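Raw data_24.tsv, TSV, C-alpha atoms:
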```tsv
chain	number	residue	atom	x	y	z
R	814	MET	CA	0.00	0.00	0.00
R	815	MET	CA	1.50	3.29	-1.10
R	816	ILE	CA	1.24	6.49	0.95
R	817	SER	CA	1.35	9.78	-0.93
R	818	VAL	CA	2.97	12.44	1.23
R	819	ILE	CA	2.23	15.99	0.03
R	820	VAL	CA	4.48	18.78	1.31
R	821	PRO	CA	3.84	22.43	0.34
R	822	VAL	CA	7.19	24.27	0.45
R	823	TYR	CA	7.74	28.01	0.73
R	824	ASN	CA	10.89	29.74	2.05
R	825	VAL	CA	11.78	27.19	4.73
R	826	GLU	CA	15.43	26.49	3.90
R	827	LYS	CA	16.32	26.47	7.62
R	828	TYR	CA	13.86	23.63	8.40
R	829	LEU	CA	13.30	21.79	5.12
R	830	SER	CA	16.08	19.19	5.27
R	831	LYS	CA	14.95	17.92	8.67
R	832	CYS	CA	11.38	17.68	7.37
R	833	ILE	CA	12.31	15.75	4.22
R	834	GLU	CA	14.71	13.43	6.05
R	835	SER	CA	12.04	12.57	8.62
R	836	ILE	CA	9.84	11.41	5.72
R	837	ILE	CA	12.43	9.50	3.67
R	838	ASN	CA	13.69	7.75	6.82
R	839	GLN	CA	10.28	6.35	7.79
R	840	THR	CA	10.27	2.70	8.79
R	841	TYR	CA	7.46	2.28	6.25
R	842	THR	CA	9.14	2.82	2.90
R	843	ASN	CA	6.43	2.52	0.23
R	844	LEU	CA	6.03	6.27	-0.13
R	845	GLU	CA	5.36	8.75	-2.89
R	846	ILE	CA	6.79	12.07	-1.66
R	847	ILE	CA	5.44	15.12	-3.51
R	848	LEU	CA	7.32	18.34	-2.73
R	849	VAL	CA	5.49	21.37	-4.13
R	850	ASP	CA	7.83	24.37	-4.25
R	851	ASP	CA	5.38	27.26	-4.06
R	852	GLY	CA	7.58	29.92	-5.66
R	853	SER	CA	10.23	29.99	-2.91
R	854	THR	CA	12.69	32.89	-3.11
R	855	ASP	CA	15.32	31.24	-0.89
R	856	ASN	CA	17.14	27.92	-1.43
R	857	SER	CA	14.10	25.74	-0.65
R	858	GLY	CA	13.54	24.79	-4.31
R	859	LYS	CA	17.19	23.74	-4.72
R	860	ILE	CA	17.02	21.67	-1.54
R	861	CYS	CA	13.97	19.84	-2.93
R	862	ASP	CA	15.78	19.13	-6.22
R	863	ASN	CA	18.87	17.83	-4.44
R	864	TYR	CA	16.82	15.35	-2.41
R	865	ALA	CA	14.97	14.22	-5.54
R	866	LYS	CA	18.33	13.28	-7.08
R	867	LYS	CA	19.08	11.06	-4.08
R	868	ASP	CA	15.67	9.40	-3.66
R	869	ASN	CA	13.52	8.28	-6.60
R	870	ARG	CA	10.39	8.32	-4.42
R	871	ILE	CA	10.52	12.13	-4.43
R	872	LYS	CA	8.71	14.24	-7.04
R	873	VAL	CA	9.31	17.99	-7.11
R	874	ILE	CA	6.88	20.50	-8.61
R	875	HIS	CA	7.98	24.12	-8.99
R	876	LYS	CA	5.15	26.64	-9.35
R	877	LYS	CA	4.35	30.32	-8.87
R	878	ASN	CA	3.42	31.32	-5.34
R	879	GLY	CA	-0.27	30.69	-4.68
R	880	GLY	CA	-0.45	29.74	-1.02
R	881	PRO	CA	-0.49	26.39	0.83
R	882	SER	CA	-4.00	25.40	-0.29
R	883	LEU	CA	-3.17	25.66	-3.99
R	884	ALA	CA	0.14	23.89	-3.37
R	885	ARG	CA	-1.64	20.99	-1.67
R	886	ASN	CA	-4.18	20.86	-4.50
R	887	THR	CA	-1.30	20.64	-6.97
R	888	GLY	CA	-0.08	17.55	-5.16
R	889	LEU	CA	-3.59	16.10	-4.95
R	890	ASN	CA	-3.94	16.40	-8.72
R	891	ILE	CA	-1.13	13.87	-9.30
R	892	PHE	CA	-1.04	11.59	-6.22
R	893	ARG	CA	-1.16	7.81	-6.79
R	894	GLY	CA	-1.21	6.32	-3.30
R	895	GLU	CA	-3.91	4.36	-1.50
R	896	TYR	CA	-3.43	6.74	1.44
R	897	VAL	CA	-2.71	10.48	1.65
R	898	SER	CA	-0.78	12.52	4.20
R	899	PHE	CA	0.03	16.24	4.41
R	900	ILE	CA	3.19	17.47	6.13
R	901	ASP	CA	4.10	21.12	6.73
R	902	SER	CA	7.60	21.80	5.42
R	903	ASP	CA	8.90	23.37	8.64
R	904	ASP	CA	7.84	20.38	10.77
R	905	TYR	CA	9.05	16.79	11.09
R	906	ILE	CA	7.59	13.40	11.95
R	907	GLU	CA	8.64	10.46	14.10
R	908	PRO	CA	10.28	7.61	12.10
R	909	PHE	CA	7.50	5.08	12.80
R	910	MET	CA	4.50	7.38	12.28
R	911	TYR	CA	3.20	5.81	9.06
R	912	ASP	CA	3.91	2.27	10.27
R	913	LYS	CA	1.75	2.82	13.36
R	914	MET	CA	-1.04	4.48	11.39
R	915	LEU	CA	-1.17	1.71	8.80
R	916	GLN	CA	-1.42	-0.86	11.59
R	917	ILE	CA	-4.70	0.79	12.61
R	918	PHE	CA	-6.04	0.64	9.06
R	919	SER	CA	-5.11	-3.04	8.92
R	920	LYS	CA	-6.88	-3.76	12.19
R	921	TYR	CA	-10.11	-1.85	11.41
R	922	ASP	CA	-11.47	-2.09	7.87
R	923	ASP	CA	-14.07	0.64	8.42
R	924	ILE	CA	-11.59	3.34	9.53
R	925	ASP	CA	-11.18	6.14	6.95
R	926	ILE	CA	-9.01	8.62	8.86
R	927	VAL	CA	-6.32	7.93	11.46
R	928	SER	CA	-5.18	10.87	13.56
R	929	CYS	CA	-2.31	11.07	16.03
R	930	ASN	CA	-1.33	13.34	18.88
R	931	TYR	CA	1.38	15.90	18.10
R	932	ASN	CA	4.07	17.90	19.87
R	933	HIS	CA	4.69	21.61	19.87
R	934	ILE	CA	8.46	22.17	19.69
R	935	ASN	CA	9.31	25.39	21.52
R	936	HIS	CA	12.36	27.63	21.05
R	937	LYS	CA	14.32	25.43	23.49
R	938	GLY	CA	13.63	22.34	21.39
R	939	GLU	CA	11.35	20.85	24.07
R	940	LYS	CA	8.49	18.59	22.97
R	941	ILE	CA	5.14	19.54	24.50
R	942	PRO	CA	2.22	17.21	23.60
R	943	PHE	CA	-0.90	19.02	22.43
R	944	PHE	CA	-3.28	16.43	23.93
R	945	TYR	CA	-2.82	14.63	27.24
R	946	LEU	CA	-4.49	11.31	26.58
R	947	SER	CA	-4.62	8.07	28.54
R	948	ALA	CA	-5.70	5.82	25.65
R	949	ASP	CA	-6.32	5.60	21.92
R	950	GLU	CA	-9.87	6.27	20.73
R	951	TYR	CA	-12.00	4.57	18.09
R	952	ILE	CA	-14.83	6.97	17.22
R	953	ILE	CA	-18.00	6.09	15.32
R	954	ASP	CA	-20.39	8.88	16.40
R	955	LYS	CA	-19.64	12.10	14.45
R	956	ASN	CA	-21.45	14.18	17.06
R	957	ILE	CA	-18.94	13.01	19.66
R	958	LEU	CA	-16.07	13.56	17.23
R	959	ILE	CA	-17.04	17.17	16.47
R	960	GLU	CA	-17.48	17.90	20.18
R	961	LYS	CA	-13.95	16.68	20.78
R	962	ILE	CA	-12.60	18.79	17.93
R	963	PHE	CA	-13.94	22.07	19.27
R	964	GLN	CA	-13.20	21.27	22.90
R	965	TYR	CA	-9.62	20.23	22.02
R	966	GLN	CA	-10.04	16.79	23.52
R	967	ASN	CA	-8.47	14.63	20.84
R	968	TYR	CA	-9.18	14.80	17.10
R	969	ASP	CA	-8.06	18.29	16.06
R	970	MET	CA	-9.30	20.35	13.09
R	971	ILE	CA	-5.80	20.39	11.57
R	972	ILE	CA	-4.81	18.20	8.62
R	973	PHE	CA	-1.10	17.57	9.15
R	974	ASN	CA	-1.38	14.86	11.84
R	975	LYS	CA	-3.65	12.54	9.87
R	976	LEU	CA	-3.52	9.71	7.36
R	977	TYR	CA	-6.49	9.50	5.01
R	978	LYS	CA	-7.82	6.79	2.75
R	979	ARG	CA	-7.59	7.72	-0.92
R	980	LYS	CA	-11.37	8.05	-1.29
R	981	ILE	CA	-11.42	11.17	0.93
R	982	TRP	CA	-9.29	13.17	-1.53
R	983	GLN	CA	-10.31	11.55	-4.80
R	984	ASN	CA	-12.49	14.55	-5.73
R	985	LEU	CA	-12.02	16.91	-2.77
R	986	ARG	CA	-9.77	19.99	-2.95
R	987	PHE	CA	-8.81	22.81	-0.56
R	988	PRO	CA	-10.69	26.12	-0.90
R	989	LEU	CA	-8.49	28.91	-2.23
R	990	ASN	CA	-7.81	32.47	-1.03
R	991	ILE	CA	-7.97	31.45	2.64
R	992	HIS	CA	-4.73	31.96	4.57
R	993	LEU	CA	-5.32	30.93	8.16
R	994	ALA	CA	-8.38	28.70	8.26
R	995	GLU	CA	-7.81	26.32	5.36
R	996	ASP	CA	-7.77	23.35	7.77
R	997	LEU	CA	-11.14	24.25	9.28
R	998	SER	CA	-12.60	25.03	5.85
R	999	ILE	CA	-11.85	21.51	4.65
R	1000	LEU	CA	-12.81	19.80	7.93
R	1001	TYR	CA	-16.53	19.32	7.32
R	1002	PRO	CA	-16.11	17.80	3.82
R	1003	THR	CA	-13.57	15.27	5.15
R	1004	LEU	CA	-15.91	14.32	8.01
R	1005	GLN	CA	-18.75	13.86	5.53
R	1006	LEU	CA	-16.71	11.55	3.33
R	1007	ALA	CA	-15.41	9.46	6.22
R	1008	ASN	CA	-17.26	6.91	8.33
R	1009	HIS	CA	-15.16	5.94	11.33
R	1010	PHE	CA	-12.11	7.57	12.91
R	1011	TYR	CA	-9.20	6.50	15.08
R	1012	CYS	CA	-7.11	8.76	17.33
R	1013	ILE	CA	-3.67	7.61	18.49
R	1014	LYS	CA	-2.68	8.96	21.92
R	1015	GLU	CA	1.03	8.98	21.06
R	1016	ALA	CA	2.52	12.18	19.60
R	1017	LEU	CA	3.99	11.16	16.24
R	1018	TYR	CA	4.11	14.60	14.58
R	1019	ASN	CA	6.32	17.51	15.65
R	1020	LYS	CA	5.16	21.07	15.00
R	1021	ILE	CA	7.86	23.71	15.15
R	1022	GLN	CA	6.87	26.97	16.80
R	1023	ARG	CA	8.76	29.66	14.89
R	1024	LYS	CA	8.36	33.41	15.22
R	1025	GLU	CA	8.43	34.06	11.49
R	1026	GLY	CA	5.70	31.49	10.73
R	1027	LEU	CA	2.37	32.46	9.17
R	1028	THR	CA	0.34	31.85	12.31
R	1029	ASN	CA	2.57	34.27	14.22
R	1030	SER	CA	1.77	37.18	11.90
R	1031	ILE	CA	-1.99	37.19	12.33
R	1032	LYS	CA	-3.92	40.00	10.65
R	1033	ILE	CA	-7.49	41.16	11.11
R	1034	GLU	CA	-8.43	39.70	7.71
R	1035	ASP	CA	-7.03	36.34	8.82
R	1036	TYR	CA	-9.26	36.30	11.88
R	1037	ILE	CA	-12.24	37.27	9.76
R	1038	ASN	CA	-11.48	34.30	7.50
R	1039	ASN	CA	-11.17	32.03	10.52
R	1040	ILE	CA	-14.50	33.18	11.93
R	1041	ILE	CA	-16.22	32.77	8.57
R	1042	ALA	CA	-14.87	29.20	8.42
R	1043	HIS	CA	-16.31	28.46	11.89
R	1044	GLU	CA	-19.68	29.91	10.94
R	1045	VAL	CA	-19.79	28.05	7.62
R	1046	PHE	CA	-18.97	24.83	9.47
R	1047	LEU	CA	-21.90	25.38	11.84
R	1048	LYS	CA	-24.25	26.14	8.93
R	1049	GLN	CA	-23.20	22.89	7.27
R	1050	VAL	CA	-23.83	21.00	10.49
R	1051	LYS	CA	-27.28	22.61	10.82
R	1052	GLN	CA	-28.23	21.40	7.34
R	1053	ASN	CA	-27.16	17.84	8.16
R	1054	LYS	CA	-30.11	16.05	9.75
R	1055	ASN	CA	-27.83	13.24	10.93
R	1056	LEU	CA	-25.98	15.62	13.27
R	1057	ASP	CA	-27.19	17.19	16.51
R	1058	TYR	CA	-26.78	20.89	15.74
R	1059	LYS	CA	-27.70	22.19	19.21
R	1060	ARG	CA	-25.24	19.87	20.89
R	1061	ILE	CA	-22.44	20.77	18.45
R	1062	TYR	CA	-23.18	24.51	18.68
R	1063	ILE	CA	-22.72	24.39	22.44
R	1064	ALA	CA	-19.48	22.44	22.00
R	1065	CYS	CA	-18.25	24.97	19.45
R	1066	SER	CA	-19.38	28.12	21.26
R	1067	ASP	CA	-16.43	28.71	23.59
R	1068	ASN	CA	-14.04	28.14	20.69
R	1069	LEU	CA	-15.97	30.56	18.49
R	1070	PHE	CA	-16.18	33.05	21.38
R	1071	ARG	CA	-12.39	33.21	21.56
R	1072	HIS	CA	-12.19	34.05	17.85
R	1073	TYR	CA	-14.82	36.77	18.15
R	1074	LYS	CA	-13.06	38.23	21.18
R	1075	HIS	CA	-9.62	38.17	19.56
R	1076	LEU	CA	-10.96	39.76	16.40
R	1077	LEU	CA	-12.56	42.52	18.45
R	1078	ASP	CA	-9.28	43.02	20.32
R	1079	LEU	CA	-7.35	43.41	17.06
R	1080	ILE	CA	-9.87	45.93	15.75
R	1081	TYR	CA	-9.71	47.92	19.01
R	1082	ILE	CA	-5.91	47.96	18.88
R	1083	SER	CA	-5.74	48.92	15.19
R	1084	ASN	CA	-8.23	51.77	15.72
R	1085	ASP	CA	-9.03	51.59	12.00
R	1086	ASN	CA	-12.45	52.99	11.05
R	1087	LYS	CA	-12.79	50.66	8.07
R	1088	TYR	CA	-13.46	47.83	10.55
R	1089	LYS	CA	-16.13	49.77	12.45
R	1090	ASN	CA	-19.05	47.77	11.04
R	1091	ILE	CA	-17.25	44.47	11.54
R	1092	ALA	CA	-16.58	45.43	15.16
R	1093	GLN	CA	-20.26	46.14	15.77
R	1094	ASN	CA	-21.31	42.89	14.08
R	1095	THR	CA	-18.84	41.02	16.25
R	1096	ILE	CA	-20.20	42.69	19.39
R	1097	ASN	CA	-23.73	41.71	18.35
R	1098	LYS	CA	-22.64	38.10	17.90
R	1099	LEU	CA	-20.99	38.05	21.33
R	1100	LEU	CA	-24.10	39.48	22.94
R	1101	LYS	CA	-26.22	36.86	21.18
R	1102	MET	CA	-24.02	34.14	22.66
R	1103	TYR	CA	-24.59	35.75	26.06
R	1104	THR	CA	-28.36	35.73	25.51
R	1105	ASN	CA	-28.28	32.08	24.39
R	1106	ASN	CA	-26.42	31.18	27.60
R	1107	CYS	CA	-24.26	28.66	25.77
R	1108	LEU	CA	-20.82	29.60	27.13
R	1109	SER	CA	-18.73	28.68	30.15
R	1110	ASN	CA	-19.22	30.84	33.24
R	1111	LYS	CA	-15.81	32.44	32.74
R	1112	ASN	CA	-16.66	33.59	29.21
R	1113	MET	CA	-20.17	34.65	30.21
R	1114	LYS	CA	-18.61	37.06	32.74
R	1115	LYS	CA	-16.39	38.54	30.04
R	1116	ILE	CA	-19.36	39.26	27.80
R	1117	ALA	CA	-21.30	40.67	30.77
R	1118	LEU	CA	-18.78	43.50	31.00
R	1119	LEU	CA	-19.16	44.16	27.27
R	1120	LYS	CA	-22.94	44.26	27.70
R	1121	ILE	CA	-22.99	46.52	30.75
R	1122	ALA	CA	-20.14	48.92	29.91
R	1123	PRO	CA	-18.90	48.60	26.29
R	1124	LYS	CA	-16.52	51.61	26.55
R	1125	LEU	CA	-14.96	50.25	29.72
R	1126	TYR	CA	-14.65	46.80	28.09
R	1127	LYS	CA	-12.80	48.38	25.13
R	1128	LYS	CA	-10.34	50.18	27.44
R	1129	TYR	CA	-9.83	47.01	29.46
R	1130	ARG	CA	-9.07	44.93	26.36
R	1131	ILE	CA	-6.57	47.47	24.98
R	1132	LEU	CA	-4.78	47.74	28.34
R	1133	SER	CA	-4.77	43.95	28.66
R	1134	TYR	CA	-3.13	43.63	25.24
R	1135	LYS	CA	-0.51	46.29	26.05
R	1136	TRP	CA	0.34	44.58	29.35
R	1137	LYS	CA	0.68	41.21	27.64
R	1138	PHE	CA	2.91	42.75	24.96
R	1139	TYR	CA	5.04	44.41	27.64
R	1140	LYS	CA	5.51	41.12	29.56
R	1141	GLN	CA	6.48	39.26	26.38
R	1142	ASN	CA	9.10	41.85	25.44
R	1143	ARG	CA	10.39	42.76	28.89
R	1144	GLY	CA	14.11	42.15	29.12
R	1145	LYS	CA	14.68	41.63	25.40
R	1146	ASN	CA	16.37	45.02	25.06
R	1147	ASP	CA	18.23	44.91	28.36
```
Taking this structure as input, can you express it in the form of structure tokens?
Amino acid sequence: MMISVIVPVYNVEKYLSKCIESIINQTYTNLEIILVDDGSTDNSGKICDNYAKKDNRIKVIHKKNGGPSLARNTGLNIFRGEYVSFIDSDDYIEPFMYDKMLQIFSKYDDIDIVSCNYNHINHKGEKIPFFYLSADEYIIDKNILIEKIFQYQNYDMIIFNKLYKRKIWQNLRFPLNIHLAEDLSILYPTLQLANHFYCIKEALYNKIQRKEGLTNSIKIEDYINNIIAHEVFLKQVKQNKNLDYKRIYIACSDNLFRHYKHLLDLIYISNDNKYKNIAQNTINKLLKMYTNNCLSNKNMKKIALLKIAPKLYKKYRILSYKWKFYKQNRGKND
């Protein structure tokens, strides 16, 4: 059984070799490794070509920059494997990841997606597991699965820590022109196409936390995209009569609250009038969540301040941000 590993590559020369070597050195060797150079302006493209000369399992595609979604779609248009995996080019995987995932597929015929725990690698090189799990999970009920996703209990909305059966991606492609929420935007379609799921408690994927990464340069438009993706997901759930919308909405609410709150914070801090209407719409959505009483007590208290004294809430959020920024940067210039 061949696994097609699709890696979108853009200006990651510092990390790319470790990523590629973690793939080519897997204990499971029947791999098709598709490196999509997305118009890199550093040496990333050359690094890809050099590895392709050493390993005939590697295919390199050079294209104009179009973002990670288009790069992944480029790989999906040519993949040949019975299984598909996506790896971010600044990350790396444990040498036995695919072996362990394929063992699950062999054991359970009805499994369509296998997910694993993953580590965040901090600036000290320390591995910090994202989930703290006591056992693997075999999940049949999609209501339970979606609850876990939005409560960060096991199966995450990300794509990089999963191995999919070919059928999931046979005709499915990533939506374009979305920079931060492409994982969430593709989540519902993958859940629809899959039947059963398996979550491995062990962290087999390593996510590098780097300051220059995309998710560390968040813009207001990125948060708007992320919120739209959450809202579209909930609309899709509502239209699906096989899913319990009310139950999932409650599970999703605290997660969605955080995105609304962070977006409002960014708009307050930017003080840009062009976002005035978006700010008011976001406030209305937060107040609606308060009225629906679907949040944790902690988050309900935060919205209560917004409801009672919106000007005071705005000042509090700006001061909170400035204090957090000060703490993060204290001592750096000493």
Sorted per-residue table, stretch 950-1015 of chain R near stretch 1044-1049 of chain R, closest atoms and distance, 8 Å, all atoms listed in the file, as JSON lines:
```
{"residue": "R:Leu997", "atom": "CA", "partner": "R:Phe1046", "partner_atom": "CA", "distance": 7.9}
{"residue": "R:Ser998", "atom": "CA", "partner": "R:Phe1046", "partner_atom": "CA", "distance": 7.3}
{"residue": "R:Tyr1001", "atom": "CA", "partner": "R:Phe1046", "partner_atom": "CA", "distance": 6.4}
```
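In this comparison, which uses all atoms listed in the file, the residue of R:Ser928, R:Gln1093, R:Gln966, R:Gln916 approaching R:Tyr945 most closely is R:Gln966.
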Problem set entry | Between atom CA of R:Ile972 and atom CA of R:Leu1000 - distance in Å to one decimal |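 So the two atoms, atom CA of R:Leu1000 and atom CA of R:Ile972, lie 8.2 Å apart.
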Stretch 1008-1022 of chain R: which residues within 8 Å, counting all atoms listed in the file, same-chain residues fewer than 5 positions away excluded, as a short mmCIF file (atom, residue, chain, number, x, y, z; two decimals) with C-alpha atoms, in the coordinates of the input?
```cif
data_model
loop_
_atom_site.label_atom_id
_atom_site.label_comp_id
_atom_site.auth_asym_id
_atom_site.auth_seq_id
_atom_site.Cartn_x
_atom_site.Cartn_y
_atom_site.Cartn_z
CA ASP R 903 8.90 23.37 8.64
CA ASP R 904 7.84 20.38 10.77
CA TYR R 905 9.05 16.79 11.09
CA ILE R 906 7.59 13.40 11.95
CA GLU R 907 8.64 10.46 14.10
CA PHE R 909 7.50 5.08 12.80
CA MET R 910 4.50 7.38 12.28
CA ILE R 917 -4.70 0.79 12.61
CA ASP R 923 -14.07 0.64 8.42
CA ILE R 924 -11.59 3.34 9.53
CA ASP R 925 -11.18 6.14 6.95
CA ILE R 926 -9.01 8.62 8.86
CA VAL R 927 -6.32 7.93 11.46
CA SER R 928 -5.18 10.87 13.56
CA CYS R 929 -2.31 11.07 16.03
CA ASN R 930 -1.33 13.34 18.88
CA TYR R 931 1.38 15.90 18.10
CA ASN R 932 4.07 17.90 19.87
CA HIS R 933 4.69 21.61 19.87
CA ILE R 934 8.46 22.17 19.69
CA ASN R 935 9.31 25.39 21.52
CA HIS R 936 12.36 27.63 21.05
CA LYS R 940 8.49 18.59 22.97
CA PRO R 942 2.22 17.21 23.60
CA PHE R 944 -3.28 16.43 23.93
CA TYR R 945 -2.82 14.63 27.24
CA LEU R 946 -4.49 11.31 26.58
CA SER R 947 -4.62 8.07 28.54
CA ALA R 948 -5.70 5.82 25.65
CA ASP R 949 -6.32 5.60 21.92
CA GLU R 950 -9.87 6.27 20.73
CA TYR R 951 -12.00 4.57 18.09
CA ILE R 952 -14.83 6.97 17.22
CA ILE R 953 -18.00 6.09 15.32
CA ASP R 954 -20.39 8.88 16.40
CA ASN R 967 -8.47 14.63 20.84
CA TYR R 968 -9.18 14.80 17.10
CA ASN R 974 -1.38 14.86 11.84
#
```
Please indicate the distance in Å from atom CA of R:Tyr823 to atom CA of R:Glu939, rounded to one decimal place.
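So the two atoms, atom CA of R:Tyr823 and atom CA of R:Glu939, lie 24.7 Å apart.
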